[in-house]
Amino acid sequence: MRAVEFEEYGGPEVLEVRDVPEPHAGAGQVRIKVHAAGVNPYDTKIRRGFTKAFAPVEFPAIPGFEVAGVVDEAGEGAAFAVGDEVVGWSAGGAYAEFALGGNVTRKPAGLSWDEAVGVPVAGETAQRVLDLLAVKSGETILIHGAAGAVGSVSVQLAAAAGLTVIGTASAANHDYLREIGAVPVEYGDGLVERVRAAAPQGVDAVFDTAGKGGLQESIELRGGTDRIITIADFAAADLGIQTSSGGTGTPDEVRAALTTQLESAAAGHLTIRIAATFPLTEAAKAQALSESGHARGKIVITP
């Protein structure tokens with residue numbers, strides 16, 4: 001099969017499309033014919049070697065955690081049968097024609113492959129951080145990077161929970177943020193004043209999805225570091241701000257939450273914005289776009 005591999009840490013140029021042996025489903029496993037693979041910032045951090053101190057890569061490696069496709073091989077005792085449409089997390093890499101399913105659930109019939117693969121990581125991350133922030137109806141939350149994949153899902157979940165959402169984004173994304181339930185404000189100098197004008201009642205919690213600055217301003221808006229969480233800013237520890245980098249739910253809990261979010265997306269209650277799609281041969285371009293921080297939504301690779 002064709003797959004994207006890399007065998008050293010580095011920039012996007014280390015990614016290569018190669019012919020590699022197909023994986024096969026073992027007991028309890030399914031193999032998926034991939035229709036869409038999600039690109040995430042964490043994919044690029046792994047490729048750069050930023051995570052090697054606690055999660056070293058065994059080379060050669062196939063990137064990618066999110067997968068959506070059709071089961072084409074089912075091991076003994078597997079929860080799904082050949083022909084089932086599934087989405088979730090892969091086991092062993094998703095930038096490929098075939099991938100082993102890790103924690104997956106059924107894809108609703110009314111949801112496209114690209115939209116479906118945009119839910120697992122963004123949905124789990126958004127809900128996890130909102131839970132950690134202990135937000136509740138009537139409060140105001142500031143979300144940095146609100147037009148990105150995680151940010152836009154966070155905006156919608158927070159708004160649906162009855163919060164007032166202030167979202168930072170470039171001016172080009174402000175109409176989109178209004179559509180999904182946020183009051184947009186622009187990045188840059190004067191951010192504190194703009195947020196205070198948009199939320200004179202104050203900000204109860206801050207979720208940074210971007211890692212592009214704004215933490216100092218968030219501390220000023222909050223009057224301290226309490227109820228500020230980032231998933232992307234390496235300066236957080238020095239500022240005394242909490243970082244959330246991984247899930248804490250059981251596989252069953254994570255799968256149940258994913259199923260609910262997929263059904264919400266299929267019903268039109270949760271919008272998954274697709275920033276761009278790339279073929280396997282352009283995986284380096286896909287990851288470069290992700291690293292740029294300028295993608296307006298989800299980046300998808302289609303074998």
# chains A, B, ... in the order shown; residues from 1 in each chain; ligands from 1

call {"tool": "closest_atom_pairs", "arguments": {"of": "region 11-99 of chain A", "to": "region 272-292 of chain A", "cutoff": "9 Å", "atoms": "only C-alpha atoms", "output": "CSV"}}
result
residue,atom,partner,partner_atom,distance
A:Gly11,CA,A:Ala288,CA,8.4
A:Pro12,CA,A:Ala284,CA,4.7
A:Glu13,CA,A:Ala284,CA,6.2
A:Val14,CA,A:Ala284,CA,8.1
A:Leu15,CA,A:Ala284,CA,6.0
A:Glu16,CA,A:Thr281,CA,7.8
A:Val17,CA,A:Thr281,CA,6.2
A:Val39,CA,A:Gln287,CA,6.9
A:Asn40,CA,A:Ser290,CA,6.9
A:Pro41,CA,A:Ser290,CA,6.1
A:Asp43,CA,A:Gln287,CA,7.8
A:Thr44,CA,A:Gln287,CA,6.4
A:Lys45,CA,A:Glu291,CA,8.9
A:Tyr95,CA,A:Leu280,CA,6.9
A:Ala96,CA,A:Leu280,CA,7.3
A:Glu97,CA,A:Leu280,CA,8.8

call {"tool": "select_by_dssp", "arguments": {"residues": "region 107-209 of chain A", "states": "strand (DSSP E or B)", "output": "ChimeraX atom specification"}}
result
/A:140-144,164-168,182-185,205-208

call {"tool": "write_last_selection", "arguments": {"atoms": "N, CA, C and O atoms", "output": "short mmCIF file (atom, residue, chain, number, x, y, z; two decimals), in the first residue's frame"}}
result
data_model
loop_
_atom_site.label_atom_id
_atom_site.label_comp_id
_atom_site.auth_asym_id
_atom_site.auth_seq_id
_atom_site.Cartn_x
_atom_site.Cartn_y
_atom_site.Cartn_z
N THR A 140 -18.70 33.85 30.96
CA THR A 140 -18.06 34.33 29.73
C THR A 140 -16.70 33.68 29.59
O THR A 140 -15.91 33.66 30.54
N ILE A 141 -16.44 33.13 28.42
CA ILE A 141 -15.16 32.48 28.15
C ILE A 141 -14.47 33.16 26.97
O ILE A 141 -15.12 33.55 26.00
N LEU A 142 -13.17 33.34 27.09
CA LEU A 142 -12.34 33.86 26.02
C LEU A 142 -11.60 32.68 25.39
O LEU A 142 -10.91 31.94 26.09
N ILE A 143 -11.75 32.51 24.07
CA ILE A 143 -11.10 31.42 23.36
C ILE A 143 -10.14 32.00 22.34
O ILE A 143 -10.55 32.70 21.41
N HIS A 144 -8.85 31.73 22.53
CA HIS A 144 -7.83 32.18 21.58
C HIS A 144 -7.73 31.16 20.44
O HIS A 144 -7.72 29.96 20.67
N THR A 164 -21.35 33.00 27.15
CA THR A 164 -20.99 34.06 26.21
C THR A 164 -19.56 33.79 25.78
O THR A 164 -18.68 33.60 26.62
N VAL A 165 -19.31 33.73 24.47
CA VAL A 165 -18.00 33.36 23.95
C VAL A 165 -17.36 34.54 23.24
O VAL A 165 -17.95 35.11 22.31
N ILE A 166 -16.17 34.91 23.69
CA ILE A 166 -15.35 35.91 23.01
C ILE A 166 -14.25 35.14 22.30
O ILE A 166 -13.53 34.36 22.94
N GLY A 167 -14.10 35.33 20.99
CA GLY A 167 -13.13 34.55 20.24
C GLY A 167 -12.11 35.42 19.54
O GLY A 167 -12.48 36.36 18.82
N THR A 168 -10.82 35.15 19.76
CA THR A 168 -9.79 35.89 19.04
C THR A 168 -9.50 35.21 17.72
O THR A 168 -9.42 33.98 17.62
N ALA A 182 -19.79 33.20 18.41
CA ALA A 182 -18.80 33.95 19.20
C ALA A 182 -18.85 35.43 18.87
O ALA A 182 -19.25 35.84 17.77
N VAL A 183 -18.41 36.24 19.83
CA VAL A 183 -18.16 37.66 19.59
C VAL A 183 -16.68 37.77 19.23
O VAL A 183 -15.81 37.48 20.04
N PRO A 184 -16.36 38.16 17.98
CA PRO A 184 -14.96 38.15 17.56
C PRO A 184 -14.19 39.38 18.00
O PRO A 184 -14.72 40.50 18.03
N VAL A 185 -12.92 39.17 18.34
CA VAL A 185 -11.99 40.27 18.57
C VAL A 185 -10.68 39.92 17.87
O VAL A 185 -10.35 38.75 17.70
N ALA A 205 -13.21 32.61 32.23
CA ALA A 205 -12.28 31.52 31.89
C ALA A 205 -11.65 31.82 30.55
O ALA A 205 -12.21 32.55 29.72
N VAL A 206 -10.46 31.25 30.33
CA VAL A 206 -9.73 31.45 29.08
C VAL A 206 -9.22 30.09 28.57
O VAL A 206 -8.63 29.32 29.33
N PHE A 207 -9.44 29.83 27.29
CA PHE A 207 -8.95 28.61 26.64
C PHE A 207 -8.10 29.05 25.46
O PHE A 207 -8.60 29.62 24.49
N ASP A 208 -6.81 28.77 25.52
CA ASP A 208 -5.88 29.09 24.43
C ASP A 208 -5.66 27.87 23.57
O ASP A 208 -5.03 26.90 24.01
#

call {"tool": "residues_around", "arguments": {"residues": "Asp19 (chain A)", "least_positions_apart": "4", "cutoff": "9 Å", "atoms": "only C-alpha atoms", "output": "number ranges by chain"}}
result
A: 1-4

call {"tool": "write_last_selection", "arguments": {"atoms": "all heavy atoms", "output": "PDB file, in the first residue's frame"}}
result
ATOM      1  N   MET A   1       0.843  -1.191   0.000  1.00  0.00           N
ATOM      2  CA  MET A   1       0.000   0.000   0.000  1.00  0.00           C
ATOM      3  C   MET A   1       0.882   1.247   0.000  1.00  0.00           C
ATOM      4  O   MET A   1       2.053   1.198   0.363  1.00  0.00           O
ATOM      5  CB  MET A   1      -0.912   0.019   1.239  1.00  0.00           C
ATOM      6  CG  MET A   1      -0.173   0.287   2.541  1.00  0.00           C
ATOM      7  SD  MET A   1      -1.287   0.596   3.929  1.00  0.00           S
ATOM      8  CE  MET A   1      -0.096   0.976   5.235  1.00  0.00           C
ATOM      9  N   ARG A   2       0.294   2.372  -0.398  1.00  0.00           N
ATOM     10  CA  ARG A   2       1.002   3.640  -0.308  1.00  0.00           C
ATOM     11  C   ARG A   2       0.744   4.269   1.065  1.00  0.00           C
ATOM     12  O   ARG A   2      -0.371   4.229   1.579  1.00  0.00           O
ATOM     13  CB  ARG A   2       0.538   4.602  -1.391  1.00  0.00           C
ATOM     14  CG  ARG A   2       0.903   4.201  -2.808  1.00  0.00           C
ATOM     15  CD  ARG A   2       0.626   5.349  -3.777  1.00  0.00           C
ATOM     16  NE  ARG A   2      -0.672   5.955  -3.516  1.00  0.00           N
ATOM     17  CZ  ARG A   2      -0.970   7.234  -3.781  1.00  0.00           C
ATOM     18  NH1 ARG A   2      -0.052   8.031  -4.279  1.00  0.00           N
ATOM     19  NH2 ARG A   2      -2.175   7.700  -3.543  1.00  0.00           N
ATOM     20  N   ALA A   3       1.789   4.829   1.623  1.00  0.00           N
ATOM     21  CA  ALA A   3       1.675   5.495   2.918  1.00  0.00           C
ATOM     22  C   ALA A   3       2.726   6.588   3.004  1.00  0.00           C
ATOM     23  O   ALA A   3       3.743   6.549   2.304  1.00  0.00           O
ATOM     24  CB  ALA A   3       1.856   4.502   4.066  1.00  0.00           C
ATOM     25  N   VAL A   4       2.483   7.551   3.866  1.00  0.00           N
ATOM     26  CA  VAL A   4       3.472   8.588   4.164  1.00  0.00           C
ATOM     27  C   VAL A   4       4.329   8.093   5.319  1.00  0.00           C
ATOM     28  O   VAL A   4       3.798   7.622   6.330  1.00  0.00           O
ATOM     29  CB  VAL A   4       2.789   9.914   4.536  1.00  0.00           C
ATOM     30  CG1 VAL A   4       3.827  10.954   4.953  1.00  0.00           C
ATOM     31  CG2 VAL A   4       1.942  10.425   3.374  1.00  0.00           C
TER      32      VAL A   4
END

call {"tool": "closest_residue", "arguments": {"among": "A:Ala197, A:Ala236, A:Ile180, A:Ile229", "to": "Gly268 (chain A)", "atoms": "only C-alpha atoms"}}
result
A:Ile180

call {"tool": "residues_around", "arguments": {"residues": "Arg31 (chain A)", "least_positions_apart": "3", "cutoff": "9 Å", "atoms": "only C-alpha atoms", "output": "list in words"}}
result
Pro23, His24, Ala25, Gly26, Val70, Val71, Asp72, Glu73, Ala74, Gly75, Val82, Phe98, Ala99, Leu100 and Gly101 of chain A

call {"tool": "closest_residue", "arguments": {"among": "A:Glu66, A:Glu76, A:Asp84, A:Glu220", "to": "Lys107 (chain A)", "atoms": "only C-alpha atoms"}}
result
A:Asp84

call {"tool": "residues_around", "arguments": {"residues": "region 263-267 of chain A", "least_positions_apart": "6", "cutoff": "12 Å", "atoms": "only C-alpha atoms", "output": "list of chain:residue names"}}
result
A:Thr105, A:Arg106, A:Lys107, A:Pro108, A:Ala109, A:Gly110, A:Leu111, A:Ser112, A:Trp113, A:Asp114, A:Glu115, A:Ala116, A:Val117, A:Gly118, A:Val119, A:Pro120, A:Gly123, A:Val153, A:Gln156, A:Leu157, A:Ala160, A:Ala256, A:Ala257, A:Arg273

call {"tool": "residues_around", "arguments": {"residues": "Glu58 (chain A)", "least_positions_apart": "5", "cutoff": "12 Å", "atoms": "only C-alpha atoms", "output": "list in words"}}
result
Glu5, Phe6, Glu7, Glu8, Tyr9, Ile46, Arg47, Gly49, Lys52, Pro63, Gly92 and Gly93 of chain A

call {"tool": "closest_residue", "arguments": {"among": "A:Ala27, A:Ala94, A:Ile32, A:Leu215", "to": "Ala78 (chain A)", "atoms": "only C-alpha atoms"}}
result
A:Ala27

call {"tool": "atom_distance", "arguments": {"atom1": "CA of Ala79 (chain A)", "atom2": "CA of Val121 (chain A)"}}
result
21.4 Å

call {"tool": "closest_residue", "arguments": {"among": "A:Glu186, A:Asp131, A:Asp233, A:Glu139", "to": "Ala199 (chain A)", "atoms": "only C-alpha atoms"}}
result
A:Glu139

call {"tool": "select_by_dssp", "arguments": {"residues": "region 82-291 of chain A", "states": "alpha helix (DSSP H)", "output": "NGL selection string"}}
result
:A and (113-117 or 120-132 or 149-160 or 174-180 or 191-198 or 215-222 or 236-239 or 251-266 or 283-291)
